[in-house]
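Asks: Provided herewith is a single structure, encoded as structure tokens, for subsequent inquiry.
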Amino acid sequence: MTVGLAGLVFLIIVGALIALGVRAVRGRGKQDEDGGLDLIPYLILALAVGTAGFSLAALVRASLTPDRLIGRPTGEIAGALAGLVVAGPIAFLLWRRQARRRKTYAQTAGWHVYLAIIELVFLTAFLVAVSQVAAFLGGDGDRASPTDLVVYGGIVLFHWWAELRDRPLGDIGDLPRLVGSGVALVALTIGLIGTLGWIFSLAYDTFWGLADVPEPAVPLGLLVAGAPIWAWRWLPPWEERPNVLRDFYLWFVTALSLTMAIAAGATVIVTLLTFLVGEGRRTAQEHFEVLPMALAFLLVGGGLWHHHVNRMGPGRSGARRGYEYAMAATGLTALVGSATALVEAVFTPTLAGTNSTTTLITIASAVIASGWVWLSFWRKAQAAPRPEEARSLSRRIYLIGTAILLGLTAAGSMIAVLVVVFRVLLGDIEASAASLRIPVTLTLTSGLATWHLFNQIRADGAGTRGTALEHFAVTVVCSHPGSLATLFPKEAKVRVIYRGDQVGIIDEEMAAQIVAAVDGRSSLVWVDESGFRVAAARES
Amino acid sequence: MEEDRRLPGWVLPVLGVLAVVVLVLIGLNRSPEQFDPNTPEGAVQSYIAALVGGDYETASSFWADDGCHPASIDPTEGAPDISATLVSVDGDEDGATVVIGITDNATDPLNGIYEYEEWFTLVNEGDGWKIQQPSWPYYDQTCEEEA
């Protein structure tokens, strides 16, 4: 009786809280005539759907799990029910409210962010469940609950269906698909590397024998699940022009896959070189054991890089710039680190014999690879017209961000050097070159790199100042100029002629490209569905 | 027309509540799986069942002859009030490791539901699988090596 009464009071309190919440949200919605961002209701909805989704999965798991040893799952069911009772009604009511609002205010940022959060959380949960079930089926994992696949997969499918009904538009509308592509790509990459590694290991084992052939169950499961999801989220044509979000995704994945391929290629070369040097005390069969996995990384990294780099489009698009500067930053920081490690390896005194040839070859290869990466990508950036390049956000982030990172490294290592020097001067310790080797080398290498970067920042600043002193006029024929006028320097006089259709809309990336192409000269700019063209105009 | 084809608004929540109720009823009414007592997981199941039922003599009969035993056959906090699921079984015909997931029902519910895993190392002594060095639920008892 007491328990029943307590339950009733609890339900009344929960119901009252839900009613108050919905009433408050409804009242606020009426005042918000233009729809706004609608972020808060969607974040609450995401929280409610997340709690309800995981509670439902826990309830199904507790009720249907086949391997119960003893007792009833009262604890699990109580916990899951509590989550469902609180989050379920909130999720249902808020979902219906937001669905009604989407009919009035077609697109709000909250809808896109909500879809992206759900995709990130439940697609990840689904793929984790896939790997657990695959591991169990392969005989190499704990008992997994296949019901998780159904619950998490169902939630993902439901939201894909909702996305098809109310398709996100605008630049931020790409967000759910990009998040889905990224999550699926991680699963696909792990699956491909693991599967190829397993195949190569089997081949290696057949011919030369291998101590440990990796288990294929989890990679195969992730490959089978990840490939169709990635194809569904990434491959279909995109409705919007390239934008900041998609550019970021593209350059990030491209740079990461190339880094992976280069590291794997360097591993293959180092393995061959160290074998030729013949220092190793292991047999050839043991020495080359690393090759199956290294080749898998090389092939997968190379394949992903080839696919994504071809999606960047011609010319110096935002994605291509981001990719090239990301690679230059990776190469430069790796060069500083590996050069320091090489100096340390070369000059470390040994008790007997010489330094390890394998270590030296490995670090020297890292220096060569990182130096080659930095030089080749930096030269590509330098080959582009400087005024246009200097204004790009990617270059500024590369120059300023890397300069700050390496500058702080140089300052920190110099402090370490000075601490040793002052302790020697104060008679606290005896002078020893060994303790100074790494900090001095790091100060020099990172200091030199910082000096180079600051020189480039200064040169870019001088270049852009020099081109923006004279007045010039720009006539733009387009459907909508967007933020174009705000990007031109104050010396520009911008005149817009509207086309009267919707095929010549200028987005932020195109606006930046137009400003760079005009380059401070009086020009006529024509924008249509194929992009923009710039023609020099006579001064009037 | 599209509006006419739509389900009434109350249908989905009612279906959802019904599904939850069905799941709860299934969960509360399903009997535990009966494992063969001559398997490692079956031995662990019988051992836990004896502990939960307060039959500590039977429970101690599952302890291996060799190795470390608790000083007393009475568990530290009395008969455990738990539900348990099988997580994994690994081993061969001589020895095995059984992992089980335990949900402690006796814990104060306001402190959350207490779930954890326990590992049981078993050895095949010919007359059945026995547990080596039982530690759960004998947490603070002195380990006594038997000759």
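Each chain in the structure tokens gets a letter, A, B and so on, in the order shown; residues start at 1 in every chain, and ligands are counted from 1 in the order they appear.
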Taking only C-alpha atoms into account, what are the residues of chain A at most 6 Å from chain B, put as a list in words?
Replies: Ser63, Asp67, Arg68, Leu69, Ile70, Gly71, Arg72, Pro73, Gly75, Asp142 and Arg143 of chain A
Asks: Using only C-alpha atoms, which protein or nucleic acid residues come within 8 Å of A:Leu436? Drop anything in the same chain fewer than 3 positions from it, and give the result as a ChimeraX atom specification.
Replies: /A:417,420,432-433,439-440
Asks: Give me a file of those residues, with N, CA and C atoms, as an mmCIF file, in the first residue's frame.
Replies:
data_model
loop_
_atom_site.group_PDB
_atom_site.id
_atom_site.type_symbol
_atom_site.label_atom_id
_atom_site.label_comp_id
_atom_site.auth_asym_id
_atom_site.auth_seq_id
_atom_site.Cartn_x
_atom_site.Cartn_y
_atom_site.Cartn_z
ATOM 1 N N VAL A 417 67.131 24.950 -20.683
ATOM 2 C CA VAL A 417 68.569 25.177 -20.870
ATOM 3 C C VAL A 417 69.088 26.130 -19.803
ATOM 4 N N VAL A 420 69.585 24.785 -16.273
ATOM 5 C CA VAL A 420 70.837 24.030 -16.128
ATOM 6 C C VAL A 420 72.022 24.987 -16.048
ATOM 7 N N SER A 432 77.552 19.630 -17.616
ATOM 8 C CA SER A 432 77.444 18.355 -18.336
ATOM 9 C C SER A 432 76.684 18.594 -19.629
ATOM 10 N N ALA A 433 77.321 18.239 -20.734
ATOM 11 C CA ALA A 433 76.678 18.458 -22.035
ATOM 12 C C ALA A 433 75.467 17.547 -22.222
ATOM 13 N N PRO A 439 67.334 19.882 -24.738
ATOM 14 C CA PRO A 439 66.766 21.241 -24.714
ATOM 15 C C PRO A 439 67.435 22.202 -25.683
ATOM 16 N N VAL A 440 68.763 22.082 -25.837
ATOM 17 C CA VAL A 440 69.442 23.000 -26.773
ATOM 18 C C VAL A 440 68.995 22.712 -28.206
#
Asks: Set the distance at 8 Å and use only C-alpha atoms: which residues neighbour stretch 203-214 of chain A once local chain neighbours fewer than 6 positions away are removed? I'd like the list as a ChimeraX atom specification.
Replies: /A:194,197,285-286,289,292
Asks: Any chance you could export the current selection's N, CA and C atoms as a compact mmCIF listing (two decimals), in the first residue's frame?
Replies:
# COMPACT_ATOMS: atom_id res chain seq x y z
N GLY A 194 41.96 -3.91 -40.57
CA GLY A 194 41.97 -5.21 -39.88
C GLY A 194 41.79 -6.37 -40.85
N GLY A 197 44.90 -6.61 -43.05
CA GLY A 197 45.98 -7.10 -42.20
C GLY A 197 45.85 -8.59 -41.95
N GLN A 285 62.30 -13.84 -41.05
CA GLN A 285 60.88 -14.13 -40.85
C GLN A 285 60.30 -13.27 -39.72
N GLU A 286 61.07 -13.14 -38.62
CA GLU A 286 60.61 -12.31 -37.49
C GLU A 286 60.70 -10.84 -37.84
N GLU A 289 57.76 -9.39 -39.84
CA GLU A 289 56.42 -9.64 -39.32
C GLU A 289 55.53 -8.41 -39.34
N PRO A 292 52.75 -7.18 -42.92
CA PRO A 292 51.33 -7.33 -43.25
C PRO A 292 50.48 -6.15 -42.77
Asks: In Å, rounded to a single decimal, give me how far atom CA of A:Arg386 is from atom CA of A:Val373.
Replies: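 Computing the Euclidean distance for atom CA of A:Val373 and atom CA of A:Arg386 yields 20.8 Å.
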Asks: Quick one: pick out all strand (DSSP E or B) residues within stretch 256-478 of chain A from a backbone DSSP run and write them as a list in words.
Replies: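 Selection result, strand (DSSP E or B) within stretch 256-478 of chain A: Phe472, Ala473, Val474, Thr475, Val476, Val477 and Cys478 of chain A.
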Asks: Neighbours of stretch 167-170 of chain A within 10 Å (only C-alpha atoms; same-chain residues fewer than 2 positions away dropped), as a ChimeraX atom specification?
Replies: /A:106-109,111-112,115,160-165,172-177,239-241,243
Asks: Go ahead and dump the residues you just picked, N, CA and C atoms, as a short mmCIF file (atom, residue, chain, number, x, y, z; two decimals), in the first residue's frame.
Replies:
data_model
loop_
_atom_site.label_atom_id
_atom_site.label_comp_id
_atom_site.auth_asym_id
_atom_site.auth_seq_id
_atom_site.Cartn_x
_atom_site.Cartn_y
_atom_site.Cartn_z
N ALA A 106 10.70 26.37 -41.62
CA ALA A 106 11.20 25.21 -42.37
C ALA A 106 12.53 24.68 -41.82
N GLN A 107 13.49 25.53 -41.61
CA GLN A 107 14.81 25.06 -41.21
C GLN A 107 15.35 25.89 -40.07
N THR A 108 15.71 25.25 -39.00
CA THR A 108 16.39 25.95 -37.92
C THR A 108 17.67 25.19 -37.61
N ALA A 109 18.65 25.93 -37.08
CA ALA A 109 19.95 25.28 -36.81
C ALA A 109 19.81 24.16 -35.79
N TRP A 111 17.58 21.88 -35.44
CA TRP A 111 17.22 20.61 -36.07
C TRP A 111 18.46 19.91 -36.60
N HIS A 112 19.34 20.67 -37.25
CA HIS A 112 20.56 20.08 -37.81
C HIS A 112 21.50 19.60 -36.70
N LEU A 115 20.05 16.40 -35.12
CA LEU A 115 20.29 15.21 -35.96
C LEU A 115 21.75 14.77 -35.87
N TRP A 160 17.13 8.89 -39.71
CA TRP A 160 17.40 9.06 -41.15
C TRP A 160 16.09 9.30 -41.89
N TRP A 161 15.06 8.55 -41.47
CA TRP A 161 13.74 8.73 -42.09
C TRP A 161 13.23 10.15 -41.82
N ALA A 162 13.38 10.61 -40.57
CA ALA A 162 12.95 11.97 -40.24
C ALA A 162 13.73 13.00 -41.04
N GLU A 163 15.01 12.72 -41.25
CA GLU A 163 15.85 13.65 -42.02
C GLU A 163 15.38 13.70 -43.48
N LEU A 164 14.97 12.56 -44.03
CA LEU A 164 14.46 12.55 -45.41
C LEU A 164 13.17 13.35 -45.52
N ARG A 165 12.35 13.28 -44.47
CA ARG A 165 11.07 14.03 -44.48
C ARG A 165 11.30 15.53 -44.36
N ILE A 172 24.84 24.61 -42.71
CA ILE A 172 24.88 23.75 -41.52
C ILE A 172 24.04 22.49 -41.71
N GLY A 173 23.24 22.48 -42.79
CA GLY A 173 22.44 21.29 -43.10
C GLY A 173 23.29 20.08 -43.46
N ASP A 174 24.56 20.32 -43.82
CA ASP A 174 25.48 19.21 -44.12
C ASP A 174 25.92 18.47 -42.86
N LEU A 175 25.72 19.11 -41.69
CA LEU A 175 26.31 18.59 -40.46
C LEU A 175 25.93 17.13 -40.15
N PRO A 176 24.62 16.76 -40.17
CA PRO A 176 24.30 15.35 -39.84
C PRO A 176 24.98 14.36 -40.78
N ARG A 177 24.98 14.66 -42.07
CA ARG A 177 25.61 13.73 -43.02
C ARG A 177 27.12 13.65 -42.80
N GLU A 239 23.66 18.68 -51.89
CA GLU A 239 22.75 19.66 -52.48
C GLU A 239 23.34 21.06 -52.48
N GLU A 240 24.12 21.36 -51.49
CA GLU A 240 24.66 22.71 -51.36
C GLU A 240 26.06 22.78 -51.97
N ARG A 241 26.49 24.02 -52.26
CA ARG A 241 27.87 24.22 -52.69
C ARG A 241 28.82 23.86 -51.55
N ASN A 243 31.08 24.18 -48.48
CA ASN A 243 31.03 25.20 -47.43
C ASN A 243 32.09 24.88 -46.38
#
Asks: Leaving out A:Glu389 and any residue of its chain fewer than 4 positions from it, which residues lie within 10 Å of it when counting only C-alpha atoms, given as a list in words?
Replies: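 In the requested format, the answer is Arg316, Arg321, Ala381, Gln382, Ala383, Ala384, Pro385, Leu393, Ser394, Arg395, Arg396, Asp460, Thr464, Gln513 and Ala516 of chain A.
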Asks: Go ahead and compute the interatomic distance for atom CA of A:Ala319 and atom CA of A:Val244, in Å to one decimal.
Replies: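 So the two atoms, atom CA of A:Ala319 and atom CA of A:Val244, lie 8.3 Å apart.
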Asks: Set the distance at 6 Å and use only C-alpha atoms: which residues neighbour stretch 357-363 of chain A once local chain neighbours fewer than 2 positions away are removed? I'd like the list as a list of chain:residue names.
Replies: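 Contacts, in chain order: A:Val270, A:Thr274, A:Leu342, A:Ser365, A:Ala366.
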Asks: Can you measure atom CA of B:Tyr139 to atom CA of B:Pro75 for me? One decimal in Å is fine.
Replies: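 A separation of 8.0 Å between them.
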Asks: Taking into account only C-alpha atoms, which residue in the set A:Val186, A:Ala255, A:Val179, A:Ile77 is nearest to A:Thr330?
Replies: A:Ala255
Asks: With only C-alpha atoms as the counted atoms, please give the residues lying no more than 12 Å from B:Ile73, apart from itself and same-chain residues fewer than 2 positions off, as JSON, numbers by chain.
Replies: {"B": [50, 51, 54, 55, 56, 57, 58, 59, 60, 61, 62, 63, 69, 70, 71, 75, 76, 77, 78, 79, 134, 135, 136, 137, 138, 139, 141, 142, 143]}
Asks: Would you return as an MDAnalysis selection string the members of stretch 20-147 of chain B that DSSP assigns to helix (DSSP H, G or I) on this structure's backbone?
Replies: chainID B and resid 20:29 40:52 56:60 109:111
Asks: Could you save those same residues with C-alpha atoms as a compact mmCIF listing (two decimals), in the first residue's frame?
Replies:
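Generated file (result_23.txt):
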# COMPACT_ATOMS: atom_id res chain seq x y z
CA VAL B 20 7.63 -1.56 -22.41
CA VAL B 21 5.08 -3.38 -20.24
CA VAL B 22 5.53 -6.56 -22.30
CA LEU B 23 9.31 -6.34 -21.96
CA VAL B 24 9.06 -5.85 -18.19
CA LEU B 25 6.70 -8.82 -17.85
CA ILE B 26 8.98 -11.00 -19.96
CA GLY B 27 12.01 -9.95 -17.94
CA LEU B 28 10.36 -10.59 -14.58
CA ASN B 29 8.88 -13.94 -15.52
CA PRO B 40 32.32 -24.62 -15.89
CA GLU B 41 29.36 -22.21 -16.26
CA GLY B 42 27.01 -24.83 -14.76
CA ALA B 43 29.32 -25.28 -11.76
CA VAL B 44 29.44 -21.52 -11.21
CA GLN B 45 25.65 -21.36 -11.51
CA SER B 46 25.20 -24.09 -8.88
CA TYR B 47 27.77 -22.41 -6.62
CA ILE B 48 26.04 -19.03 -6.80
CA ALA B 49 22.61 -20.63 -6.35
CA ALA B 50 23.83 -22.31 -3.17
CA LEU B 51 25.26 -19.03 -1.85
CA VAL B 52 22.10 -17.08 -2.66
CA TYR B 56 27.01 -22.51 2.44
CA GLU B 57 27.97 -26.16 2.99
CA THR B 58 26.95 -26.98 -0.58
CA ALA B 59 28.66 -23.86 -1.82
CA SER B 60 31.94 -24.79 -0.14
CA PRO B 109 18.64 2.12 -4.53
CA LEU B 110 19.27 5.84 -4.04
CA ASN B 111 22.96 5.15 -4.47
